[in-house]
Every structure is written in structure tokens, then in C-alpha cells.
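For reference, the structure discussed in these notes is given below.
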Amino acid sequence: SPMAERMGLERDLALVEMTGARYHADQITAAAALPALRRAKEAGLDVTAGISIHHLTLNEFDVGDYRTFFKVKPPLRAEDDRMAMVEAVGSGLIDIISSMHTPQDEESKRLPYEVAASGAVALETLLPAALRLYHSGQLTLPQLFRAMALNPAHRLGLPAGRLSAGAPADLVLFDPDAPFVMDRATLRSKSKNTPFDGMRMEGRVALTIVAGRIVHDRSAR
């Protein structure tokens, strides 16, 4: 619950204050947890926080009639919580957006909601899902890529996630306006458990370069 998330974060941050440890909360999803995170950062603690793309772009009403492709951990929150998370990413209070890519086999998902496995695939949908926030005017492209590339690399001490001389040539060329309808059958992941199935989305990756080598070229498909 949002209250449990807040209490858990406050406990962890108290330990960080006592020990001086570096700390990253991989999923902040409830508005109730944000004041504690803000206080910790203002106190100078070495703390960062993240959120999944699903909690940033979906809310509890998307679950509808207990559709298990929307069952994730923590559960999807209220719209007020989602909007608070978007604002927190925009301000930099939440540092990182992650895919939280969690493949599940079909049999584990096609069960009653209470016993179905949690999680969703997200590697191939991370960009178009994030661009929903750009197209709606809620976040800018620099804000998105700060949270999706620069900040994660900085937190892990990696020279990646930036366009600068000497940095690894890990690049993505994409069209932010390319429209398409998500069809989970076309996902390259062995698992197809995406909550975005059937949704109209915008944003297609045209070219992916890793360490200066082209590893994906959409035009060659």
C-alpha cells in the first residue's frame, strides 16, 4: 500500500542516515513517499530513486476487469499518485526511469488475477511508453533522457548515457512521431506480457548502435 511504501522508505532512509551508505530506491510509486525522499536529499544523503515506466504511464483504472497483463509489483496506483510521480521526475526528485522488464510465461499470466504472476515485458515498449509523456506535454525529451540514460549511468559510475567526446558510442536513432498500434505478437521477447497491447503509440526506433556498431536497423527487417 502507499502507506507501507512510505514507512518502508522512511526506515531505509533512517538507516542510510546512521550508516552513510549509498542508497537507491528502485521503485517509488506513491505520493506519500515523496516527502521523505525530499528530506533525505535536502539533508545531503547519498540517495537516488527510480520508478518503472508502467507506474509513470498507467494507473489502477487501466487494470479494468482484472486484466493480468497489468498486474505488476508494486500494484498500479491512483491517478493522483501517477501525476505526482511525473512531476517528481520532471523536478529531478525521482532520478531514474526504468523498464522493470519482467517476462512471464503465458500460463503464469492467464490465471485468475489473485494468483497470476506479476510483471510485464518492457524493453521494446520503454521508448514509446515514455514518449506518451512527451506527446502529452508532461515531460520534455531532455527530462526523459536525463532519467532514462544520464542519471542511471552516473549512479553506476559508467561513462555512458551521454553524447560527449570519448563516451561509448551507444546511440539510438528514433522518430518520436511515428505512429503504430502495439501488437504483442510482434515483440521479439519470448514473453509477450505487455499491458500496452492494442494501444495506439508513437515513437519508433530506427537504428541502435552499441559501442559504435549497428546492432539493430529497422529498415533491414
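In the C-alpha cells, chains take letters A, B, ... by order of appearance, with residues numbered from 1 within each chain and ligands from 1 in the order shown.
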Can you pull out every residue within 10 Å of Pro195 of chain A, counting only C-alpha atoms, but drop anything in the same chain fewer than 2 positions away, and send it as a VMD selection string?
-> chain A and resid 54 58 62 to 63 67 to 72 119 to 122 125 182 184 192 to 193 197 to 199
So that I have them on file, write out the residues from the current selection with N, CA and C atoms, as a PDB file, in the first residue's frame.
```
ATOM      1  N   HIS A  54       5.835   1.705 -16.230  1.00  0.00           N
ATOM      2  CA  HIS A  54       4.421   1.351 -16.094  1.00  0.00           C
ATOM      3  C   HIS A  54       3.729   2.220 -15.052  1.00  0.00           C
ATOM      4  N   LEU A  58       0.664   4.453 -16.433  1.00  0.00           N
ATOM      5  CA  LEU A  58      -0.595   3.734 -16.232  1.00  0.00           C
ATOM      6  C   LEU A  58      -1.083   3.957 -14.799  1.00  0.00           C
ATOM      7  N   ASP A  62      -6.488   1.276 -15.310  1.00  0.00           N
ATOM      8  CA  ASP A  62      -6.098   0.533 -16.501  1.00  0.00           C
ATOM      9  C   ASP A  62      -6.226  -0.975 -16.307  1.00  0.00           C
ATOM     10  N   VAL A  63      -6.217  -1.413 -15.057  1.00  0.00           N
ATOM     11  CA  VAL A  63      -6.365  -2.842 -14.790  1.00  0.00           C
ATOM     12  C   VAL A  63      -7.726  -3.335 -15.280  1.00  0.00           C
ATOM     13  N   ARG A  67      -7.388  -7.428 -15.621  1.00  0.00           N
ATOM     14  CA  ARG A  67      -6.540  -7.911 -16.703  1.00  0.00           C
ATOM     15  C   ARG A  67      -5.131  -8.129 -16.173  1.00  0.00           C
ATOM     16  N   THR A  68      -4.655  -9.342 -16.259  1.00  0.00           N
ATOM     17  CA  THR A  68      -3.419  -9.715 -15.568  1.00  0.00           C
ATOM     18  C   THR A  68      -2.162  -9.143 -16.220  1.00  0.00           C
ATOM     19  N   PHE A  69      -2.229  -8.717 -17.481  1.00  0.00           N
ATOM     20  CA  PHE A  69      -1.065  -8.085 -18.084  1.00  0.00           C
ATOM     21  C   PHE A  69      -0.749  -6.757 -17.392  1.00  0.00           C
ATOM     22  N   PHE A  70      -1.699  -6.236 -16.620  1.00  0.00           N
ATOM     23  CA  PHE A  70      -1.499  -5.000 -15.873  1.00  0.00           C
ATOM     24  C   PHE A  70      -1.102  -5.274 -14.422  1.00  0.00           C
ATOM     25  N   LYS A  71      -0.917  -6.530 -14.062  1.00  0.00           N
ATOM     26  CA  LYS A  71      -0.545  -6.859 -12.695  1.00  0.00           C
ATOM     27  C   LYS A  71       0.964  -6.752 -12.553  1.00  0.00           C
ATOM     28  N   VAL A  72       1.408  -5.750 -11.788  1.00  0.00           N
ATOM     29  CA  VAL A  72       2.826  -5.516 -11.563  1.00  0.00           C
ATOM     30  C   VAL A  72       3.054  -5.301 -10.069  1.00  0.00           C
ATOM     31  N   GLY A 119       4.265  -8.673 -13.189  1.00  0.00           N
ATOM     32  CA  GLY A 119       5.342  -8.235 -14.069  1.00  0.00           C
ATOM     33  C   GLY A 119       4.907  -8.078 -15.504  1.00  0.00           C
ATOM     34  N   ALA A 120       5.707  -7.312 -16.255  1.00  0.00           N
ATOM     35  CA  ALA A 120       5.426  -7.067 -17.664  1.00  0.00           C
ATOM     36  C   ALA A 120       6.738  -6.887 -18.415  1.00  0.00           C
ATOM     37  N   VAL A 121       6.747  -7.324 -19.674  1.00  0.00           N
ATOM     38  CA  VAL A 121       7.910  -7.038 -20.509  1.00  0.00           C
ATOM     39  C   VAL A 121       7.901  -5.546 -20.829  1.00  0.00           C
ATOM     40  N   ALA A 122       9.106  -4.965 -21.024  1.00  0.00           N
ATOM     41  CA  ALA A 122       9.120  -3.515 -21.199  1.00  0.00           C
ATOM     42  C   ALA A 122      10.306  -2.990 -22.002  1.00  0.00           C
ATOM     43  N   THR A 125       9.036  -1.590 -25.293  1.00  0.00           N
ATOM     44  CA  THR A 125       7.989  -0.576 -25.160  1.00  0.00           C
ATOM     45  C   THR A 125       8.443   0.620 -24.327  1.00  0.00           C
ATOM     46  N   MET A 182       0.428  -1.047 -30.925  1.00  0.00           N
ATOM     47  CA  MET A 182       1.229  -2.095 -30.305  1.00  0.00           C
ATOM     48  C   MET A 182       0.550  -3.449 -30.463  1.00  0.00           C
ATOM     49  N   ARG A 184       1.388  -7.230 -29.390  1.00  0.00           N
ATOM     50  CA  ARG A 184       2.343  -8.004 -28.585  1.00  0.00           C
ATOM     51  C   ARG A 184       2.932  -9.181 -29.354  1.00  0.00           C
ATOM     52  N   LYS A 192       5.346 -12.272 -23.966  1.00  0.00           N
ATOM     53  CA  LYS A 192       4.540 -11.246 -24.647  1.00  0.00           C
ATOM     54  C   LYS A 192       3.644 -10.488 -23.672  1.00  0.00           C
ATOM     55  N   ASN A 193       3.963 -10.526 -22.393  1.00  0.00           N
ATOM     56  CA  ASN A 193       3.063  -9.952 -21.379  1.00  0.00           C
ATOM     57  C   ASN A 193       3.251  -8.440 -21.246  1.00  0.00           C
ATOM     58  N   ASP A 197      -0.551  -3.773 -25.110  1.00  0.00           N
ATOM     59  CA  ASP A 197      -1.077  -4.485 -26.279  1.00  0.00           C
ATOM     60  C   ASP A 197      -2.351  -3.810 -26.796  1.00  0.00           C
ATOM     61  N   GLY A 198      -2.384  -3.532 -28.083  1.00  0.00           N
ATOM     62  CA  GLY A 198      -3.554  -2.927 -28.709  1.00  0.00           C
ATOM     63  C   GLY A 198      -3.629  -1.424 -28.587  1.00  0.00           C
ATOM     64  N   MET A 199      -2.672  -0.790 -27.881  1.00  0.00           N
ATOM     65  CA  MET A 199      -2.715   0.660 -27.698  1.00  0.00           C
ATOM     66  C   MET A 199      -2.081   1.391 -28.883  1.00  0.00           C
TER      67      MET A 199
END
```
Shell around segment 147-153 of chain A at 9 Å using only C-alpha atoms, local window under 5 positions removed, as a PyMOL selection string = chain A and resi 50+89-90+92+94-98+142+158-162
Surrounding residues of Gln27 of chain A excluding itself and chain neighbours under 4 positions, 8 Å, only C-alpha atoms, as a PyMOL selection string | chain A and resi 49-52
Can you check which parts of segment 48-100 of chain A lie within 9 Å of segment 28-38 of chain A? Per residue, the shortest pair of atoms and distance in Å to one decimal, counting only C-alpha atoms, sorted by chain and number, as CSV.
```
residue,atom,partner,partner_atom,distance
A:Thr48,CA,A:Leu37,CA,8.4
A:Ala49,CA,A:Ile28,CA,6.7
A:Gly50,CA,A:Ile28,CA,6.1
A:Ile51,CA,A:Ile28,CA,5.5
A:Ser52,CA,A:Thr29,CA,8.3
A:His55,CA,A:Thr29,CA,6.5
A:Leu56,CA,A:Thr29,CA,8.2
A:Pro74,CA,A:Thr29,CA,7.5
A:Pro75,CA,A:Thr29,CA,8.8
A:Leu76,CA,A:Thr29,CA,8.1
A:Arg77,CA,A:Ala30,CA,7.0
A:Ala78,CA,A:Ala30,CA,8.5
A:Asp80,CA,A:Ala31,CA,7.8
A:Asp81,CA,A:Ala31,CA,5.1
A:Arg82,CA,A:Thr29,CA,7.3
A:Met83,CA,A:Ala31,CA,8.8
A:Ala84,CA,A:Ala31,CA,5.8
A:Met85,CA,A:Thr29,CA,6.7
A:Ala88,CA,A:Leu34,CA,8.1
A:Leu93,CA,A:Arg38,CA,6.8
A:Ile94,CA,A:Ile28,CA,7.9
```
Segment 14-205 of chain A: residues DSSP assigns to strand (DSSP E), reported as a PyMOL selection string | chain A and resi 23-25+47-52+96-98+171-181+200-205
List the neighbours of Ala43 of chain A out to 12 Å using only C-alpha atoms; skip same-chain residues closer than 3 positions along the sequence, and give me the result as a ChimeraX atom specification.
-> /A:13-14,16-17,20,36-40,46-47
Just all heavy atoms for this one: save the residues we selected as a CSV table (one decimal), in the first residue's frame.
```csv
chain,number,residue,atom,x,y,z
A,13,LEU,N,15.8,5.1,4.9
A,13,LEU,CA,16.5,6.3,4.9
A,13,LEU,C,17.1,6.6,6.3
A,13,LEU,O,18.1,7.3,6.4
A,13,LEU,CB,15.6,7.5,4.5
A,13,LEU,CG,15.1,7.4,3.0
A,13,LEU,CD1,14.2,8.5,2.7
A,13,LEU,CD2,16.3,7.5,2.1
A,14,ALA,N,16.4,6.2,7.3
A,14,ALA,CA,17.0,6.3,8.7
A,14,ALA,C,18.2,5.5,8.8
A,14,ALA,O,19.2,6.0,9.4
A,14,ALA,CB,15.9,5.8,9.7
A,16,VAL,N,20.2,4.8,6.3
A,16,VAL,CA,21.2,5.5,5.4
A,16,VAL,C,21.8,6.6,6.2
A,16,VAL,O,23.0,6.8,6.2
A,16,VAL,CB,20.5,6.0,4.2
A,16,VAL,CG1,21.5,7.0,3.4
A,16,VAL,CG2,20.1,4.9,3.3
A,17,GLU,N,21.0,7.3,7.0
A,17,GLU,CA,21.5,8.5,7.8
A,17,GLU,C,22.5,8.0,8.9
A,17,GLU,O,23.5,8.7,9.1
A,17,GLU,CB,20.3,9.2,8.4
A,17,GLU,CG,20.7,10.5,9.1
A,17,GLU,CD,19.5,11.4,9.5
A,17,GLU,OE1,18.4,10.8,9.5
A,17,GLU,OE2,19.7,12.6,9.7
A,20,GLY,N,25.6,6.2,6.5
A,20,GLY,CA,26.3,6.9,5.5
A,20,GLY,C,26.4,6.1,4.2
A,20,GLY,O,27.2,6.4,3.3
A,36,ALA,N,9.6,12.1,2.3
A,36,ALA,CA,10.7,11.5,3.0
A,36,ALA,C,11.9,11.5,2.0
A,36,ALA,O,13.1,11.8,2.4
A,36,ALA,CB,10.4,10.1,3.4
A,37,LEU,N,11.7,11.3,0.8
A,37,LEU,CA,12.7,11.3,-0.2
A,37,LEU,C,13.3,12.7,-0.4
A,37,LEU,O,14.5,12.9,-0.4
A,37,LEU,CB,12.2,10.8,-1.6
A,37,LEU,CG,13.2,10.8,-2.8
A,37,LEU,CD1,14.4,9.9,-2.5
A,37,LEU,CD2,12.4,10.4,-4.0
A,38,ARG,N,12.4,13.7,-0.4
A,38,ARG,CA,12.9,15.1,-0.5
A,38,ARG,C,13.7,15.5,0.7
A,38,ARG,O,14.8,16.1,0.6
A,38,ARG,CB,11.7,16.0,-0.6
A,38,ARG,CG,12.0,17.5,-0.8
A,38,ARG,CD,10.8,18.3,-1.1
A,38,ARG,NE,10.2,18.1,-2.4
A,38,ARG,CZ,9.1,17.4,-2.5
A,38,ARG,NH1,8.4,16.9,-1.5
A,38,ARG,NH2,8.6,17.2,-3.7
A,39,ARG,N,13.3,15.1,1.9
A,39,ARG,CA,14.0,15.5,3.1
A,39,ARG,C,15.4,14.8,3.1
A,39,ARG,O,16.4,15.5,3.5
A,39,ARG,CB,13.3,15.0,4.4
A,39,ARG,CG,12.0,15.8,4.7
A,39,ARG,CD,11.5,15.6,6.1
A,39,ARG,NE,11.2,14.2,6.3
A,39,ARG,CZ,10.0,13.7,6.1
A,39,ARG,NH1,9.0,14.4,5.6
A,39,ARG,NH2,9.7,12.4,6.3
A,40,ALA,N,15.5,13.6,2.6
A,40,ALA,CA,16.8,12.9,2.6
A,40,ALA,C,17.7,13.6,1.6
A,40,ALA,O,18.9,13.8,1.9
A,40,ALA,CB,16.6,11.4,2.2
A,46,ASP,N,23.3,10.4,0.4
A,46,ASP,CA,23.6,9.8,-1.0
A,46,ASP,C,22.5,8.9,-1.4
A,46,ASP,O,22.6,7.7,-1.4
A,46,ASP,CB,25.0,9.1,-0.9
A,46,ASP,CG,25.5,8.8,-2.3
A,46,ASP,OD1,24.8,9.0,-3.3
A,46,ASP,OD2,26.6,8.3,-2.4
A,47,VAL,N,21.4,9.5,-1.8
A,47,VAL,CA,20.2,8.8,-2.1
A,47,VAL,C,19.7,9.1,-3.5
A,47,VAL,O,19.7,10.3,-3.9
A,47,VAL,CB,19.1,9.2,-1.1
A,47,VAL,CG1,17.7,8.6,-1.5
A,47,VAL,CG2,19.5,8.6,0.3
```
Alpha helix (DSSP H) positions in segment 33-184 of chain A, given as number ranges by chain | A: 34-42, 53-57, 79-91, 106-109, 126-135, 141-145, 151-155
